[in-house]
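Colleague: I am sharing structure.tsv, which consists of TSV, C-alpha atoms (C1' of nucleotides):
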chain	number	residue	atom	x	y	z
A	85	MET	CA	10.88	27.46	0.75
A	86	PRO	CA	7.33	27.71	-0.09
A	87	GLU	CA	5.16	29.42	2.45
A	88	LEU	CA	1.84	31.04	1.71
A	89	PRO	CA	3.20	33.89	-0.49
A	90	GLU	CA	5.26	31.52	-2.62
A	91	VAL	CA	2.36	29.12	-3.10
A	92	GLU	CA	0.05	32.03	-3.89
A	93	THR	CA	2.58	33.36	-6.41
A	94	THR	CA	2.63	29.93	-8.01
A	95	ARG	CA	-1.17	29.75	-8.03
A	96	ARG	CA	-1.48	33.12	-9.75
A	97	GLY	CA	1.09	32.15	-12.34
A	98	LEU	CA	-0.62	28.89	-13.23
A	99	HIS	CA	-4.26	29.96	-13.01
A	100	PRO	CA	-4.65	31.70	-16.39
A	101	TRP	CA	-3.00	28.80	-18.19
A	102	LEU	CA	-4.71	25.89	-16.51
A	103	VAL	CA	-8.35	26.88	-16.11
A	104	GLY	CA	-10.29	24.94	-18.73
A	105	ALA	CA	-7.27	22.94	-19.84
A	106	PRO	CA	-7.69	19.19	-20.32
A	107	ILE	CA	-5.10	16.91	-18.74
A	108	ALA	CA	-3.34	14.93	-21.45
A	109	GLU	CA	-0.91	13.00	-19.30
A	110	LEU	CA	0.83	12.70	-15.96
A	111	VAL	CA	4.49	11.78	-16.44
A	112	VAL	CA	6.01	10.43	-13.23
A	113	ARG	CA	9.77	10.02	-13.15
A	114	GLU	CA	10.20	9.77	-9.37
A	115	PRO	CA	7.16	8.58	-7.41
A	116	ARG	CA	8.96	8.64	-4.04
A	117	LEU	CA	7.80	11.98	-2.67
A	118	ARG	CA	6.55	12.49	0.87
A	119	TRP	CA	3.95	9.89	0.02
A	120	PRO	CA	4.39	7.70	-3.06
A	121	ILE	CA	2.46	8.96	-6.06
A	122	ASP	CA	-0.46	6.61	-6.74
A	123	PRO	CA	0.53	4.47	-9.76
A	124	ASP	CA	-3.05	4.75	-11.08
A	125	LEU	CA	-3.19	8.53	-10.76
A	126	GLY	CA	-2.38	9.08	-14.43
A	127	ASP	CA	-5.39	7.00	-15.45
A	128	THR	CA	-7.59	8.92	-13.02
A	129	LEU	CA	-6.53	12.25	-14.48
A	130	ARG	CA	-6.33	11.62	-18.20
A	131	GLY	CA	-8.96	13.61	-20.09
A	132	ARG	CA	-10.17	15.52	-17.04
A	133	THR	CA	-10.46	19.30	-17.25
A	134	VAL	CA	-9.18	21.82	-14.73
A	135	ARG	CA	-11.94	23.97	-13.28
A	136	ASP	CA	-9.94	26.21	-11.01
A	137	VAL	CA	-6.57	26.64	-9.36
A	138	LEU	CA	-6.99	27.33	-5.65
A	139	ARG	CA	-4.80	27.57	-2.56
A	140	ARG	CA	-5.43	26.46	1.01
A	141	GLY	CA	-2.55	27.25	3.36
A	142	LYS	CA	0.52	25.92	1.59
A	143	TYR	CA	-1.48	23.47	-0.53
A	144	LEU	CA	-2.31	24.08	-4.18
A	145	LEU	CA	-5.61	22.63	-5.37
A	146	LEU	CA	-6.35	21.93	-9.02
A	147	THR	CA	-10.07	21.34	-8.97
A	148	LEU	CA	-11.30	19.11	-11.79
A	149	ASP	CA	-14.52	18.40	-13.64
A	150	THR	CA	-14.77	15.22	-11.56
A	151	GLY	CA	-15.66	17.40	-8.56
A	152	GLY	CA	-12.42	16.28	-6.92
A	153	ALA	CA	-9.03	17.92	-6.96
A	154	LEU	CA	-5.34	17.35	-7.33
A	155	ILE	CA	-3.61	18.37	-4.10
A	156	ILE	CA	-0.04	19.56	-4.57
A	157	HIS	CA	2.35	20.48	-1.76
A	158	LEU	CA	5.75	21.96	-2.54
A	159	GLY	CA	7.44	20.72	0.63
A	160	MET	CA	10.66	22.49	1.58
A	161	SER	CA	12.25	22.85	-1.80
A	162	GLY	CA	9.55	22.47	-4.42
A	163	SER	CA	8.46	24.69	-7.28
A	164	LEU	CA	6.18	24.37	-10.28
A	165	THR	CA	7.12	25.95	-13.57
A	166	LEU	CA	5.69	26.04	-17.06
A	167	ALA	CA	8.29	24.06	-18.96
A	168	PRO	CA	9.02	25.33	-22.47
A	169	PRO	CA	8.19	22.63	-25.02
A	170	GLY	CA	11.08	20.29	-25.61
A	171	THR	CA	12.92	21.16	-22.42
A	172	PRO	CA	14.39	17.92	-21.09
A	173	PRO	CA	13.55	17.20	-17.44
A	174	GLY	CA	16.29	17.11	-14.82
A	175	PRO	CA	16.86	14.41	-12.20
A	176	LEU	CA	15.38	16.58	-9.42
A	177	GLU	CA	12.09	17.00	-11.28
A	178	PRO	CA	9.79	14.16	-10.24
A	179	PHE	CA	6.79	14.73	-12.48
A	180	ASP	CA	5.21	16.66	-15.36
A	181	LEU	CA	1.54	17.44	-15.79
A	182	VAL	CA	0.89	17.76	-19.52
A	183	PHE	CA	-2.17	19.75	-20.62
A	184	GLY	CA	-4.01	20.60	-23.81
A	185	HIS	CA	-5.41	18.67	-26.73
A	186	ASP	CA	-2.15	19.42	-28.51
A	187	ARG	CA	-0.13	18.63	-25.37
A	188	GLY	CA	1.32	22.10	-25.66
A	189	LEU	CA	1.35	22.97	-21.97
A	190	CYS	CA	3.64	21.28	-19.45
A	191	VAL	CA	3.71	22.03	-15.73
A	192	ARG	CA	6.90	20.62	-14.26
A	193	MET	CA	7.51	19.91	-10.59
A	194	ARG	CA	10.98	20.47	-9.21
A	195	ASP	CA	11.60	19.08	-5.73
A	196	PRO	CA	15.22	18.35	-4.78
A	197	ARG	CA	14.44	17.16	-1.26
A	198	ARG	CA	11.34	15.17	-2.21
A	199	PHE	CA	9.28	16.53	0.68
A	200	GLY	CA	6.51	17.53	-1.70
A	201	ALA	CA	3.31	15.67	-2.42
A	202	LEU	CA	0.92	14.93	-5.28
A	203	LEU	CA	-2.44	13.47	-4.25
A	204	TYR	CA	-5.95	13.21	-5.60
A	205	SER	CA	-9.05	13.55	-3.46
A	206	ASP	CA	-12.75	13.45	-4.31
A	207	ARG	CA	-13.40	15.88	-1.46
A	208	PRO	CA	-10.17	17.82	-1.04
A	209	LEU	CA	-11.31	20.18	1.70
A	210	ALA	CA	-12.30	17.15	3.78
A	211	HIS	CA	-8.93	15.49	3.22
A	212	PRO	CA	-7.14	14.92	6.55
A	213	LEU	CA	-4.27	17.17	5.46
A	214	LEU	CA	-6.61	20.11	4.87
A	215	ALA	CA	-9.56	19.52	7.16
A	216	SER	CA	-7.83	20.60	10.36
A	217	LEU	CA	-6.11	23.70	8.98
A	218	GLY	CA	-6.75	26.98	10.76
A	219	PRO	CA	-8.13	30.10	9.07
A	220	GLU	CA	-6.50	31.75	6.09
A	221	PRO	CA	-4.62	34.78	7.42
A	222	LEU	CA	-5.72	36.95	4.49
A	223	GLU	CA	-9.41	36.14	4.84
A	224	THR	CA	-12.14	36.91	7.33
A	225	GLY	CA	-12.01	34.74	10.42
A	226	PHE	CA	-8.44	35.71	11.17
A	227	SER	CA	-7.76	38.47	13.68
A	228	GLY	CA	-5.80	39.39	16.77
A	229	SER	CA	-8.67	38.37	18.99
A	230	TYR	CA	-8.81	34.96	17.28
A	231	LEU	CA	-5.10	34.38	17.95
A	232	TRP	CA	-5.44	35.63	21.52
A	233	ARG	CA	-8.32	33.24	22.17
A	234	ARG	CA	-6.46	30.24	20.75
A	235	ALA	CA	-3.37	31.10	22.80
A	236	ARG	CA	-5.07	30.97	26.23
A	237	GLY	CA	-3.03	28.76	28.55
A	238	ARG	CA	-0.45	27.88	25.91
A	239	THR	CA	3.20	27.91	26.93
A	240	ILE	CA	4.57	27.21	23.46
A	241	ALA	CA	6.87	29.88	21.97
A	242	ILE	CA	4.86	32.33	19.86
A	243	ARG	CA	7.07	31.60	16.83
A	244	ASP	CA	6.18	27.89	17.03
A	245	PHE	CA	2.53	28.74	17.70
A	246	LEU	CA	2.45	30.63	14.39
A	247	LEU	CA	4.09	27.70	12.58
A	248	ASN	CA	1.20	25.44	13.63
A	249	GLY	CA	-1.08	25.25	10.60
A	250	GLN	CA	-4.01	24.28	12.80
A	251	ILE	CA	-3.80	27.71	14.43
A	252	VAL	CA	-3.32	29.69	11.21
A	253	ALA	CA	-2.65	28.29	7.75
A	254	GLY	CA	0.31	29.08	5.54
A	255	ILE	CA	2.83	30.76	7.84
A	256	GLY	CA	6.33	29.28	7.84
A	257	ASN	CA	9.57	30.22	9.51
A	258	ILE	CA	10.44	33.23	7.36
A	259	TYR	CA	7.14	35.04	7.75
A	260	ALA	CA	6.66	34.05	11.39
A	261	ASN	CA	9.96	35.74	12.19
A	262	GLU	CA	9.20	38.77	10.03
A	263	ALA	CA	5.73	39.26	11.52
A	264	LEU	CA	7.10	38.99	15.07
A	265	PHE	CA	9.70	41.60	14.21
A	266	GLY	CA	6.96	43.84	12.84
A	267	ALA	CA	4.94	43.47	16.03
A	268	GLY	CA	7.94	43.85	18.36
A	269	ILE	CA	7.38	40.47	20.00
A	270	HIS	CA	10.19	38.13	21.10
A	271	PRO	CA	9.93	34.85	19.13
A	272	HIS	CA	10.39	32.74	22.26
A	273	ARG	CA	7.74	34.50	24.35
A	274	ALA	CA	5.04	32.11	25.55
A	275	ALA	CA	1.94	32.41	23.36
A	276	GLY	CA	-0.29	32.60	26.42
A	277	ARG	CA	1.67	35.53	27.86
A	278	ILE	CA	0.92	38.06	25.14
A	279	SER	CA	-1.79	40.68	25.61
A	280	ALA	CA	-4.81	41.08	23.36
A	281	PRO	CA	-3.61	44.46	22.00
A	282	ARG	CA	-0.25	42.89	21.11
A	283	TYR	CA	-2.09	40.12	19.27
A	284	ASP	CA	-3.92	42.81	17.30
A	285	ALA	CA	-0.54	44.23	16.32
A	286	LEU	CA	0.71	40.74	15.45
A	287	ALA	CA	-2.28	39.91	13.25
A	288	HIS	CA	-1.79	43.21	11.47
A	289	ALA	CA	1.92	42.48	11.00
A	290	ILE	CA	1.14	39.03	9.61
A	291	VAL	CA	-1.24	40.47	7.01
A	292	THR	CA	1.21	43.23	6.10
A	293	VAL	CA	4.19	40.93	5.65
A	294	LEU	CA	2.24	38.31	3.68
A	295	GLU	CA	0.70	40.89	1.36
A	296	GLY	CA	4.08	42.54	0.86
A	297	ALA	CA	5.67	39.21	0.04
A	298	ILE	CA	2.94	38.31	-2.45
A	299	ALA	CA	3.38	41.69	-4.13
A	300	ALA	CA	7.12	40.96	-4.45
A	301	GLY	CA	6.47	37.51	-5.91
A	302	GLY	CA	7.58	35.64	-2.79
A	303	THR	CA	10.99	35.03	-1.24
A	304	THR	CA	13.71	33.15	-3.07
A	305	LEU	CA	16.45	32.03	-0.71
A	306	LYS	CA	17.62	29.23	-2.90
A	307	ASP	CA	15.10	27.14	-4.76
A	308	PHE	CA	11.88	29.03	-5.21
A	309	ALA	CA	10.85	30.10	-8.70
A	310	HIS	CA	7.65	31.52	-10.22
A	311	SER	CA	5.76	29.51	-12.77
A	312	THR	CA	7.84	31.45	-15.28
A	313	GLY	CA	11.09	30.39	-13.64
A	314	ARG	CA	11.81	33.86	-12.25
A	315	PRO	CA	12.78	34.22	-8.57
A	316	GLY	CA	10.84	36.18	-5.97
A	317	TYR	CA	12.23	39.42	-4.61
A	318	PHE	CA	10.92	39.69	-1.06
A	319	GLN	CA	14.27	38.52	0.36
A	320	GLN	CA	15.47	42.08	-0.31
A	321	GLN	CA	12.83	43.35	2.13
A	322	LEU	CA	13.45	40.89	4.96
A	323	LYS	CA	14.10	42.80	8.18
A	324	ALA	CA	15.05	39.99	10.57
A	325	TYR	CA	15.06	36.54	8.95
A	326	GLY	CA	18.55	35.47	7.94
A	327	ARG	CA	20.09	38.81	9.04
A	328	SER	CA	22.02	37.79	12.16
A	329	GLY	CA	24.82	40.28	12.83
A	330	ALA	CA	23.18	42.97	10.70
A	331	PRO	CA	21.85	46.24	12.17
A	332	CYS	CA	18.23	46.38	13.25
A	333	PRO	CA	16.20	48.48	10.79
A	334	ARG	CA	14.20	50.00	13.68
A	335	CYS	CA	16.53	50.59	16.63
A	336	PRO	CA	20.28	50.82	17.35
A	337	GLY	CA	20.36	47.09	18.09
A	338	MET	CA	21.60	44.15	16.07
A	339	ILE	CA	19.70	41.13	14.75
A	340	VAL	CA	20.51	37.90	16.58
A	341	ARG	CA	19.95	34.27	15.62
A	342	LEU	CA	18.48	32.02	18.27
A	343	THR	CA	19.30	28.35	17.91
A	344	GLY	CA	18.52	25.43	20.18
A	345	GLY	CA	15.04	24.76	18.91
A	346	ALA	CA	14.32	22.78	15.81
A	347	ARG	CA	14.67	25.88	13.63
A	348	SER	CA	16.40	29.19	13.92
A	349	ALA	CA	14.65	32.32	15.10
A	350	TYR	CA	15.88	35.79	14.21
A	351	TYR	CA	15.06	38.85	16.27
A	352	CYS	CA	16.30	42.14	17.66
A	353	PRO	CA	16.92	42.08	21.44
A	354	GLY	CA	16.62	45.87	21.44
A	355	CYS	CA	13.01	46.15	20.27
A	356	GLN	CA	11.38	42.72	20.53
A	357	ARG	CA	10.06	41.68	23.92
B	183	DA	C1'	-3.96	18.13	25.65
B	184	DA	C1'	0.22	20.15	24.85
B	185	DG	C1'	4.89	20.10	23.98
B	186	DT	C1'	9.18	17.94	22.17
B	187	DT	C1'	11.88	15.15	19.16
B	188	DG	C1'	12.91	12.30	15.25
B	189	DA	C1'	12.10	11.24	10.68
B	190	DC	C1'	11.79	11.87	5.81
B	191	DC	C1'	15.57	13.67	1.66
B	192	DT	C1'	19.14	16.32	-1.08
B	193	DG	C1'	22.25	20.15	-1.75
B	194	DA	C1'	24.98	24.09	-0.40
B	195	DG	C1'	28.38	26.21	2.24
B	196	DG	C1'	31.97	26.60	5.70
B	197	DG	C1'	36.05	24.81	8.17
B	198	DC	C1'	40.01	22.14	7.99
C	28	DT	C1'	40.51	19.47	-4.25
C	29	DG	C1'	38.03	16.96	-1.01
C	30	DC	C1'	36.01	15.37	3.26
C	31	DC	C1'	33.07	16.18	7.15
C	32	DC	C1'	29.87	18.77	9.53
C	33	DT	C1'	25.80	21.82	9.88
C	34	DC	C1'	21.92	23.84	8.13
C	35	DA	C1'	17.74	24.72	5.08
C	36	DG	C1'	11.43	27.52	3.13
C	37	DG	C1'	7.50	21.63	5.95
C	38	DT	C1'	4.96	18.74	8.81
C	39	DC	C1'	3.60	14.09	10.21
C	40	DA	C1'	4.14	10.45	13.71
C	41	DA	C1'	5.73	8.89	17.98
C	42	DC	C1'	6.93	9.87	22.37
C	43	DT	C1'	6.83	12.25	27.20
Spell out the structure here as structure tokens.
Modeller:
Amino acid sequence: MPELPEVETTRRGLHPWLVGAPIAELVVREPRLRWPIDPDLGDTLRGRTVRDVLRRGKYLLLTLDTGGALIIHLGMSGSLTLAPPGTPPGPLEPFDLVFGHDRGLCVRMRDPRRFGALLYSDRPLAHPLLASLGPEPLETGFSGSYLWRRARGRTIAIRDFLLNGQIVAGIGNIYANEALFGAGIHPHRAAGRISAPRYDALAHAIVTVLEGAIAAGGTTLKDFAHSTGRPGYFQQQLKAYGRSGAPCPRCPGMIVRLTGGARSAYYCPGCQR
DNA sequence: AAGTTGACCTGAGGGC
DNA sequence: TGCCCTCAGGTCAACT
């Protein structure tokens, strides 16, 4: 689920509630996430105050008054919601972060596949998971010429190139496919065999699709929910992803699903080269 | 160095 | 109804 727009949607939903809030308790019901939750983490966090809620790629960062930060990753199927007081947790909800002097605020993690992560780091941006991430696609430093430069000599399929967080942070399979549709580029084309002007179009398409998805509150295929529990609506605007057999929105062609790789690619043979 | 594959997990959906 | 198979938004680690 959660690619950059979904994590950003989550960040925006939590930010006004968490900034300045003291952590009352970390309740861990299932420590076996991607990495086991540190058994001492609750002691580390108790009484600390949240300074800011930030995002880097697909990672959420709750910076604390310690100078460090909680690093949260939603994995494939994770979401964070503000749990109404008294709501009993379900079995697929590994932990709660309880905030406030009156313990009135509860952020609940849901993660059916347990690919998510909850870590603490004194220097989060230097953490190995974050340190090697590429530029944020919605900030300066990202451009068509940047992508073109990084792609020199690479034979990897452009779709997989975009999925590499060390090239550009936050893009997953949905938005890689949508951006390639927008730019008219075949998802299996070798990254090193795409011209600089086409990379300009691709960078533009990436920004457009990510901003559109954030405006729609993300894409909910199955699991994703806002901090309020509401789904995102960008799935109604998807032009290629998940639409195999449906008509192309741009030409008389039909969207096709390419399998064979690790993950499906969706494209229109009529207008993507 | 770059590319490919397997691994980690659970749940949903389709075919029989 | 139920069983078996395939697939799913991520990404690290091991291998060629």
Colleague: Residues of chain B within 9 Å of chain A, using only C-alpha atoms (C1' of nucleotides), as a list in words?
Modeller: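 Taking only C-alpha atoms (C1' of nucleotides) into account, DA184, DG185, DT187, DC190, DC191, DT192 and DG193 of chain B sit within 9 Å of chain A.
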Colleague: Counting all atoms listed in the file, figure out which residue out of A:Leu209, A:Val291, A:Val91, A:Leu129 gets nearest to chain C.
Modeller: A:Val91
Colleague: Mind checking which residues fall within 10 Å of DG188 (chain B), counting all atoms listed in the file, ignoring those fewer than 3 positions away in the same chain, and posting them as a VMD selection string?
Modeller: chain C and resid 40 to 42
Colleague: So how many Å separate CA of Pro168 (chain A) and CA of Leu125 (chain A), to one decimal?
Modeller: 23.8 Å
Colleague: Contacts of Leu305 (chain A) at 10 Å or less, counting all atoms listed in the file, minus same-chain residues fewer than 2 places along, as JSON, numbers by chain?
Modeller: {"A": [85, 302, 303, 307, 308, 309, 315, 316, 317, 318, 319, 326], "C": [35, 36]}
Colleague: Report the closest atom pair, with its distance in Å rounded to one decimal, for each residue of chain A that has an atom no farther than 10 Å from chain C; count all atoms listed in the file, sort by chain and then rising residue number, and write it as a Markdown table.
Modeller:
| residue | atom | partner | partner_atom | distance |
| --- | --- | --- | --- | --- |
| A:Met85 | CA | C:DG36 | C1' | 2.4 |
| A:Pro86 | CA | C:DG36 | C1' | 5.2 |
| A:Glu87 | CA | C:DG36 | C1' | 6.6 |
| A:Glu90 | CA | C:DG36 | C1' | 9.3 |
| A:Arg118 | CA | C:DC39 | C1' | 9.9 |
| A:Lys142 | CA | C:DG37 | C1' | 9.3 |
| A:His157 | CA | C:DG37 | C1' | 9.3 |
| A:Leu158 | CA | C:DG37 | C1' | 8.7 |
| A:Gly159 | CA | C:DG37 | C1' | 5.4 |
| A:Met160 | CA | C:DG36 | C1' | 5.3 |
| A:Ser161 | CA | C:DG36 | C1' | 6.8 |
| A:Gly162 | CA | C:DG36 | C1' | 9.3 |
| A:Phe199 | CA | C:DG37 | C1' | 7.5 |
| A:Gly200 | CA | C:DG37 | C1' | 8.7 |
| A:Leu213 | CA | C:DC39 | C1' | 9.7 |
| A:Leu247 | CA | C:DG37 | C1' | 9.6 |
| A:Asn248 | CA | C:DT38 | C1' | 9.1 |
| A:Gly249 | CA | C:DT38 | C1' | 9.1 |
| A:Gly256 | CA | C:DG36 | C1' | 7.2 |
| A:Asn257 | CA | C:DG36 | C1' | 7.2 |
| A:Ile258 | CA | C:DG36 | C1' | 7.2 |
| A:Tyr259 | CA | C:DG36 | C1' | 9.8 |
| A:Thr303 | CA | C:DG36 | C1' | 8.7 |
| A:Thr304 | CA | C:DG36 | C1' | 8.7 |
| A:Leu305 | CA | C:DG36 | C1' | 7.8 |
| A:Lys306 | CA | C:DG36 | C1' | 8.8 |
| A:Asp307 | CA | C:DG36 | C1' | 8.7 |
| A:Phe308 | CA | C:DG36 | C1' | 8.5 |
| A:Arg347 | CA | C:DA35 | C1' | 9.2 |
| A:Ser348 | CA | C:DC34 | C1' | 9.6 |
Colleague: Kindly provide, as JSON, the centre and edge lengths (Å, one decimal) of an axis-aligned box around all atoms of region 98-102 of chain A given in the file, with 4 Å on each side.
Modeller:
{"center_x": -2.7, "center_y": 28.8, "center_z": -15.6, "size_x": 12.1, "size_y": 13.8, "size_z": 13.2}
Colleague: With all atoms listed in the file as the counted atoms, please give the residues lying no more than 10 Å from Cys335 (chain A), apart from itself and same-chain residues fewer than 3 positions off, as a PDB file with C-alpha atoms, keeping the file's coordinate frame.
Modeller:
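What landed in result05.pdb:
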ATOM      1  CA  PRO A 331      21.850  46.240  12.170  1.00  0.00           C
ATOM      2  CA  CYS A 332      18.230  46.380  13.250  1.00  0.00           C
ATOM      3  CA  MET A 338      21.600  44.150  16.070  1.00  0.00           C
ATOM      4  CA  CYS A 352      16.300  42.140  17.660  1.00  0.00           C
ATOM      5  CA  PRO A 353      16.920  42.080  21.440  1.00  0.00           C
ATOM      6  CA  GLY A 354      16.620  45.870  21.440  1.00  0.00           C
ATOM      7  CA  CYS A 355      13.010  46.150  20.270  1.00  0.00           C
TER       8      CYS A 355
END
Colleague: Please report the interatomic distance between CA of Thr133 (chain A) and CA of Pro219 (chain A) in Å with one decimal.
Modeller: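 Distance between the two atoms: 28.5 Å.
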Colleague: How many Å lie between CA of Arg273 (chain A) and CA of Arg140 (chain A), rounded to one decimal?
Modeller: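 Computing the Euclidean distance for CA of Arg273 (chain A) and CA of Arg140 (chain A) yields 28.0 Å.
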